[in-house]
>>> print(open('model_25.cif').read())   # mmCIF, N, CA and C atoms and all ligand atoms
data_run
loop_
_atom_site.label_atom_id
_atom_site.label_comp_id
_atom_site.auth_asym_id
_atom_site.auth_seq_id
_atom_site.Cartn_x
_atom_site.Cartn_y
_atom_site.Cartn_z
N MET A 16 32.74 -39.18 -57.79
CA MET A 16 33.11 -39.02 -56.38
C MET A 16 33.86 -40.26 -55.92
N SER A 17 34.79 -40.04 -55.02
CA SER A 17 35.58 -41.16 -54.52
C SER A 17 36.17 -40.77 -53.18
N THR A 18 36.74 -41.74 -52.49
CA THR A 18 37.40 -41.45 -51.22
C THR A 18 38.56 -40.49 -51.45
N SER A 19 39.26 -40.61 -52.60
CA SER A 19 40.40 -39.73 -52.82
C SER A 19 39.95 -38.29 -53.11
N LEU A 20 38.75 -38.13 -53.68
CA LEU A 20 38.23 -36.76 -53.85
C LEU A 20 37.83 -36.15 -52.50
N LEU A 21 37.35 -36.97 -51.60
CA LEU A 21 37.06 -36.47 -50.24
C LEU A 21 38.31 -35.85 -49.65
N TYR A 22 39.43 -36.52 -49.90
CA TYR A 22 40.70 -36.05 -49.37
C TYR A 22 41.19 -34.81 -50.12
N HIS A 23 41.26 -34.91 -51.45
CA HIS A 23 41.82 -33.81 -52.22
C HIS A 23 40.86 -32.62 -52.33
N GLY A 24 39.56 -32.90 -52.41
CA GLY A 24 38.58 -31.83 -52.58
C GLY A 24 38.15 -31.20 -51.28
N PHE A 25 37.95 -32.01 -50.26
CA PHE A 25 37.38 -31.49 -49.02
C PHE A 25 38.36 -31.52 -47.84
N GLY A 26 39.50 -32.12 -48.04
CA GLY A 26 40.48 -32.17 -46.96
C GLY A 26 40.12 -33.18 -45.89
N LEU A 27 39.27 -34.14 -46.23
CA LEU A 27 38.88 -35.16 -45.25
C LEU A 27 39.81 -36.35 -45.36
N THR A 28 40.54 -36.63 -44.30
CA THR A 28 41.51 -37.71 -44.35
C THR A 28 41.00 -38.99 -43.70
N ASP A 29 40.05 -38.86 -42.78
CA ASP A 29 39.62 -40.03 -42.01
C ASP A 29 38.33 -40.67 -42.51
N GLN A 30 37.73 -40.07 -43.55
CA GLN A 30 36.44 -40.57 -44.03
C GLN A 30 36.58 -41.31 -45.36
N GLU A 31 35.63 -42.18 -45.60
CA GLU A 31 35.56 -42.84 -46.90
C GLU A 31 34.20 -42.58 -47.52
N TYR A 32 34.19 -42.58 -48.83
CA TYR A 32 33.01 -42.30 -49.61
C TYR A 32 32.13 -43.54 -49.72
N LEU A 33 30.82 -43.37 -49.53
CA LEU A 33 29.90 -44.50 -49.65
C LEU A 33 29.07 -44.40 -50.92
N LYS A 34 28.35 -43.29 -51.12
CA LYS A 34 27.52 -43.13 -52.31
C LYS A 34 27.13 -41.66 -52.48
N THR A 35 26.62 -41.35 -53.64
CA THR A 35 26.15 -40.00 -53.93
C THR A 35 24.64 -40.04 -54.12
N GLU A 36 23.97 -39.02 -53.59
CA GLU A 36 22.52 -38.93 -53.73
C GLU A 36 22.22 -37.54 -54.31
N TYR A 37 21.29 -37.48 -55.27
CA TYR A 37 20.89 -36.19 -55.83
C TYR A 37 19.46 -35.93 -55.42
N LYS A 38 19.23 -34.79 -54.73
CA LYS A 38 17.90 -34.50 -54.20
C LYS A 38 17.55 -33.06 -54.50
N LYS A 39 16.56 -32.83 -55.34
CA LYS A 39 16.09 -31.48 -55.69
C LYS A 39 17.25 -30.54 -56.03
N GLY A 40 18.18 -31.00 -56.85
CA GLY A 40 19.29 -30.14 -57.28
C GLY A 40 20.46 -30.09 -56.31
N ASP A 41 20.28 -30.66 -55.13
CA ASP A 41 21.39 -30.73 -54.19
C ASP A 41 22.19 -32.01 -54.40
N VAL A 42 23.45 -31.94 -54.05
CA VAL A 42 24.31 -33.11 -54.14
C VAL A 42 24.65 -33.54 -52.71
N ILE A 43 24.39 -34.79 -52.41
CA ILE A 43 24.67 -35.28 -51.06
C ILE A 43 25.64 -36.46 -51.15
N PHE A 44 26.81 -36.26 -50.57
CA PHE A 44 27.79 -37.34 -50.51
C PHE A 44 27.64 -38.06 -49.17
N HIS A 45 27.45 -39.34 -49.23
CA HIS A 45 27.36 -40.13 -48.00
C HIS A 45 28.76 -40.62 -47.65
N ILE A 46 29.15 -40.37 -46.42
CA ILE A 46 30.50 -40.74 -45.99
C ILE A 46 30.47 -41.40 -44.62
N GLN A 47 31.54 -42.06 -44.30
CA GLN A 47 31.69 -42.60 -42.95
C GLN A 47 33.17 -42.62 -42.59
N THR A 48 33.45 -42.68 -41.32
CA THR A 48 34.83 -42.76 -40.87
C THR A 48 35.40 -44.13 -41.21
N LYS A 49 36.62 -44.13 -41.72
CA LYS A 49 37.28 -45.40 -42.04
C LYS A 49 37.39 -46.26 -40.78
N GLU A 50 37.21 -47.54 -40.99
CA GLU A 50 37.23 -48.51 -39.88
C GLU A 50 38.45 -48.32 -38.96
N ASP A 51 39.62 -48.16 -39.55
CA ASP A 51 40.84 -48.08 -38.73
C ASP A 51 41.06 -46.70 -38.11
N LYS A 52 40.11 -45.76 -38.36
CA LYS A 52 40.25 -44.42 -37.76
C LYS A 52 39.26 -44.22 -36.62
N LEU A 53 38.42 -45.22 -36.37
CA LEU A 53 37.43 -45.10 -35.30
C LEU A 53 38.14 -45.16 -33.95
N GLN A 54 37.91 -44.12 -33.15
CA GLN A 54 38.54 -44.13 -31.84
C GLN A 54 37.64 -43.52 -30.78
N CYS A 55 37.90 -43.88 -29.55
CA CYS A 55 37.12 -43.39 -28.41
C CYS A 55 37.30 -41.88 -28.29
N SER A 56 36.17 -41.16 -28.17
CA SER A 56 36.26 -39.70 -28.08
C SER A 56 36.64 -39.25 -26.67
N HIS A 57 36.67 -40.21 -25.74
CA HIS A 57 37.04 -39.88 -24.36
C HIS A 57 38.55 -40.08 -24.13
N CYS A 58 39.05 -41.29 -24.45
CA CYS A 58 40.46 -41.60 -24.14
C CYS A 58 41.32 -41.80 -25.38
N ASN A 59 40.70 -41.64 -26.57
CA ASN A 59 41.41 -41.75 -27.85
C ASN A 59 41.89 -43.17 -28.20
N SER A 60 41.43 -44.15 -27.47
CA SER A 60 41.80 -45.53 -27.77
C SER A 60 41.16 -45.99 -29.09
N PHE A 61 41.89 -46.82 -29.82
CA PHE A 61 41.34 -47.42 -31.04
C PHE A 61 40.71 -48.78 -30.73
N ASN A 62 40.74 -49.16 -29.49
CA ASN A 62 40.22 -50.45 -29.04
C ASN A 62 38.71 -50.32 -28.78
N VAL A 63 37.95 -50.14 -29.86
CA VAL A 63 36.51 -49.86 -29.74
C VAL A 63 35.68 -50.84 -30.57
N ILE A 64 34.43 -51.01 -30.15
CA ILE A 64 33.51 -51.80 -30.97
C ILE A 64 32.26 -50.97 -31.27
N LYS A 65 31.72 -51.16 -32.47
CA LYS A 65 30.59 -50.36 -32.92
C LYS A 65 29.30 -50.80 -32.23
N LYS A 66 28.53 -49.79 -31.81
CA LYS A 66 27.26 -50.04 -31.11
C LYS A 66 26.16 -49.22 -31.77
N GLY A 67 25.97 -49.37 -33.06
CA GLY A 67 24.94 -48.61 -33.75
C GLY A 67 25.48 -47.28 -34.26
N PHE A 68 24.62 -46.53 -34.96
CA PHE A 68 25.07 -45.26 -35.52
C PHE A 68 23.89 -44.32 -35.74
N THR A 69 24.20 -43.04 -35.92
CA THR A 69 23.20 -42.07 -36.36
C THR A 69 23.76 -41.41 -37.62
N GLU A 70 22.94 -40.60 -38.28
CA GLU A 70 23.41 -39.88 -39.44
C GLU A 70 23.22 -38.39 -39.20
N ARG A 71 24.19 -37.61 -39.61
CA ARG A 71 24.08 -36.15 -39.50
C ARG A 71 24.44 -35.52 -40.82
N LEU A 72 23.70 -34.46 -41.16
CA LEU A 72 23.90 -33.78 -42.42
C LEU A 72 24.75 -32.52 -42.19
N PHE A 73 25.76 -32.35 -43.03
CA PHE A 73 26.63 -31.18 -42.96
C PHE A 73 26.62 -30.46 -44.29
N ARG A 74 26.67 -29.15 -44.24
CA ARG A 74 26.80 -28.38 -45.46
C ARG A 74 28.28 -28.12 -45.70
N THR A 75 28.72 -28.30 -46.92
CA THR A 75 30.13 -28.03 -47.20
C THR A 75 30.24 -27.17 -48.45
N VAL A 76 31.43 -27.05 -48.99
CA VAL A 76 31.63 -26.14 -50.12
C VAL A 76 30.88 -26.62 -51.36
N PRO A 77 30.25 -25.69 -52.13
CA PRO A 77 29.50 -26.08 -53.32
C PRO A 77 30.42 -26.53 -54.46
N ILE A 78 29.85 -27.31 -55.37
CA ILE A 78 30.55 -27.65 -56.61
C ILE A 78 29.84 -26.85 -57.70
N GLY A 79 30.52 -25.87 -58.28
CA GLY A 79 29.87 -24.97 -59.21
C GLY A 79 28.77 -24.23 -58.46
N LEU A 80 27.54 -24.30 -58.97
CA LEU A 80 26.42 -23.63 -58.31
C LEU A 80 25.62 -24.59 -57.44
N LYS A 81 26.02 -25.84 -57.43
CA LYS A 81 25.26 -26.86 -56.69
C LYS A 81 25.64 -26.89 -55.21
N PRO A 82 24.63 -26.75 -54.35
CA PRO A 82 24.93 -26.93 -52.92
C PRO A 82 25.37 -28.37 -52.67
N VAL A 83 26.36 -28.54 -51.83
CA VAL A 83 26.87 -29.88 -51.54
C VAL A 83 26.75 -30.17 -50.05
N TYR A 84 26.23 -31.32 -49.75
CA TYR A 84 26.09 -31.75 -48.36
C TYR A 84 26.85 -33.05 -48.14
N LEU A 85 27.27 -33.23 -46.92
CA LEU A 85 27.86 -34.49 -46.52
C LEU A 85 26.93 -35.15 -45.52
N MET A 86 26.48 -36.35 -45.82
CA MET A 86 25.69 -37.11 -44.87
C MET A 86 26.65 -38.08 -44.20
N ALA A 87 26.96 -37.78 -42.95
CA ALA A 87 27.97 -38.57 -42.26
C ALA A 87 27.31 -39.61 -41.35
N LYS A 88 27.77 -40.83 -41.51
CA LYS A 88 27.36 -41.90 -40.62
C LYS A 88 28.24 -41.79 -39.38
N ILE A 89 27.60 -41.57 -38.24
CA ILE A 89 28.38 -41.36 -37.02
C ILE A 89 28.18 -42.55 -36.09
N GLN A 90 29.27 -43.23 -35.84
CA GLN A 90 29.20 -44.48 -35.06
C GLN A 90 29.12 -44.20 -33.57
N ARG A 91 28.35 -45.07 -32.91
CA ARG A 91 28.36 -45.11 -31.46
C ARG A 91 29.37 -46.18 -31.11
N LEU A 92 30.32 -45.84 -30.27
CA LEU A 92 31.42 -46.75 -30.00
C LEU A 92 31.52 -47.11 -28.53
N GLU A 93 31.71 -48.39 -28.29
CA GLU A 93 32.01 -48.81 -26.92
C GLU A 93 33.52 -49.00 -26.82
N CYS A 94 34.11 -48.33 -25.85
CA CYS A 94 35.56 -48.39 -25.68
C CYS A 94 35.90 -49.54 -24.73
N LYS A 95 36.78 -50.40 -25.20
CA LYS A 95 37.16 -51.54 -24.37
C LYS A 95 38.22 -51.15 -23.34
N ASP A 96 38.78 -49.97 -23.48
CA ASP A 96 39.78 -49.51 -22.52
C ASP A 96 39.17 -48.73 -21.36
N CYS A 97 38.36 -47.69 -21.68
CA CYS A 97 37.79 -46.89 -20.58
C CYS A 97 36.35 -47.29 -20.25
N GLY A 98 35.76 -48.16 -21.11
CA GLY A 98 34.44 -48.69 -20.80
C GLY A 98 33.27 -47.79 -21.16
N LEU A 99 33.53 -46.60 -21.67
CA LEU A 99 32.45 -45.67 -22.00
C LEU A 99 31.87 -45.97 -23.38
N ILE A 100 30.59 -45.63 -23.55
CA ILE A 100 29.97 -45.71 -24.86
C ILE A 100 29.69 -44.28 -25.31
N ARG A 101 30.32 -43.86 -26.39
CA ARG A 101 30.19 -42.48 -26.86
C ARG A 101 30.14 -42.45 -28.37
N GLN A 102 29.64 -41.31 -28.88
CA GLN A 102 29.70 -41.10 -30.33
C GLN A 102 31.12 -40.79 -30.71
N GLU A 103 31.51 -41.24 -31.90
CA GLU A 103 32.84 -40.88 -32.37
C GLU A 103 32.95 -39.37 -32.56
N ARG A 104 34.14 -38.86 -32.45
CA ARG A 104 34.38 -37.43 -32.66
C ARG A 104 34.46 -37.17 -34.16
N ILE A 105 33.81 -36.08 -34.58
CA ILE A 105 33.81 -35.75 -35.99
C ILE A 105 34.79 -34.61 -36.22
N HIS A 106 36.00 -34.97 -36.62
CA HIS A 106 37.07 -33.98 -36.72
C HIS A 106 36.78 -32.89 -37.75
N PHE A 107 36.17 -33.27 -38.88
CA PHE A 107 35.99 -32.25 -39.93
C PHE A 107 35.01 -31.17 -39.50
N ALA A 108 34.07 -31.49 -38.60
CA ALA A 108 33.13 -30.49 -38.10
C ALA A 108 33.86 -29.54 -37.14
N GLU A 109 34.76 -30.09 -36.32
CA GLU A 109 35.51 -29.25 -35.39
C GLU A 109 36.49 -28.33 -36.12
N GLU A 110 36.98 -28.82 -37.27
CA GLU A 110 37.94 -28.01 -38.04
C GLU A 110 37.22 -27.05 -38.99
N LYS A 111 35.89 -27.00 -38.89
CA LYS A 111 35.07 -26.08 -39.68
C LYS A 111 35.16 -26.31 -41.18
N LYS A 112 35.40 -27.55 -41.57
CA LYS A 112 35.40 -27.87 -42.99
C LYS A 112 33.97 -28.10 -43.48
N ALA A 113 33.09 -28.34 -42.54
CA ALA A 113 31.67 -28.53 -42.88
C ALA A 113 30.84 -28.08 -41.69
N THR A 114 29.65 -27.59 -41.96
CA THR A 114 28.78 -27.04 -40.93
C THR A 114 27.58 -27.95 -40.70
N PRO A 115 27.35 -28.37 -39.47
CA PRO A 115 26.19 -29.23 -39.22
C PRO A 115 24.89 -28.47 -39.44
N ILE A 116 23.92 -29.10 -40.07
CA ILE A 116 22.62 -28.43 -40.24
C ILE A 116 21.48 -29.20 -39.59
N ASN A 117 21.82 -30.29 -38.92
CA ASN A 117 20.79 -30.93 -38.09
C ASN A 117 21.45 -31.69 -36.95
ZN ZN B 1 37.93 -44.82 -24.14
#
>>> encode(input="model_25.cif", output="structure tokens")
Amino acid sequence: MSTSLLYHGFGLTDQEYLKTEYKKGDVIFHIQTKEDKLQCSHCNSFNVIKKGFTERLFRTVPIGLKPVYLMAKIQRLECKDCGLIRQERIHFAEEKKATPIN
């Protein structure tokens, strides 16, 4: 697994690969948004600072017969332009490339 497979295999352009976890036959790729792609979900500014994060699990396309999940680190961002603190927008979930399961 690699960041380039995220792009070529899953169509994810803004995320980078962190690690792979194998749990009871499932494959879980841990990913996060690339530093330079973090932007305010309110005003789209890139002038943001990280304020903690949560993790969300998404189901995506299987590899062979193995279910594949993406564990996405989702940053809480403070926007220096509009002043709001919001979670980053997860584009791949909106584009239906992966389905949230929690
Ligand atoms: Zn903003």
>>> atom_distance(input="model_25.cif", atom1="CA of Gly67 (chain A)", atom2="CA of Gln47 (chain A)")
12.9 Å
>>> residues_near_ligand(input="model_25.cif", ligand="ligand ZN 1 (chain B)", cutoff="6.5 Å", atoms="all atoms listed in the file", output="NGL selection string")
:A and (55-60 or 94-99)
>>> atom_distance(input="model_25.cif", atom1="CA of Met86 (chain A)", atom2="CA of Val42 (chain A)")
10.2 Å
>>> residues_around(input="model_25.cif", residues="Asp41 (chain A)", least_positions_apart="6", cutoff="7 Å", atoms="all atoms listed in the file", output="PyMOL selection string")
chain A and resi 81-84
>>> write_last_selection(input="model_25.cif", atoms="N, CA and C atoms", output="short mmCIF file (atom, residue, chain, number, x, y, z; two decimals), in the coordinates of the input")
data_model
loop_
_atom_site.label_atom_id
_atom_site.label_comp_id
_atom_site.auth_asym_id
_atom_site.auth_seq_id
_atom_site.Cartn_x
_atom_site.Cartn_y
_atom_site.Cartn_z
N LYS A 81 26.02 -25.84 -57.43
CA LYS A 81 25.26 -26.86 -56.69
C LYS A 81 25.64 -26.89 -55.21
N PRO A 82 24.63 -26.75 -54.35
CA PRO A 82 24.93 -26.93 -52.92
C PRO A 82 25.37 -28.37 -52.67
N VAL A 83 26.36 -28.54 -51.83
CA VAL A 83 26.87 -29.88 -51.54
C VAL A 83 26.75 -30.17 -50.05
N TYR A 84 26.23 -31.32 -49.75
CA TYR A 84 26.09 -31.75 -48.36
C TYR A 84 26.85 -33.05 -48.14
#
>>> axis_aligned_box(input="model_25.cif", around="region 68-74 of chain A", padding_each_side="3 Å", output="AutoDock Vina command-line options")
--center_x 25.6 --center_y -37.3 --center_z -40.3 --size_x 11.3 --size_y 24.4 --size_z 16.7
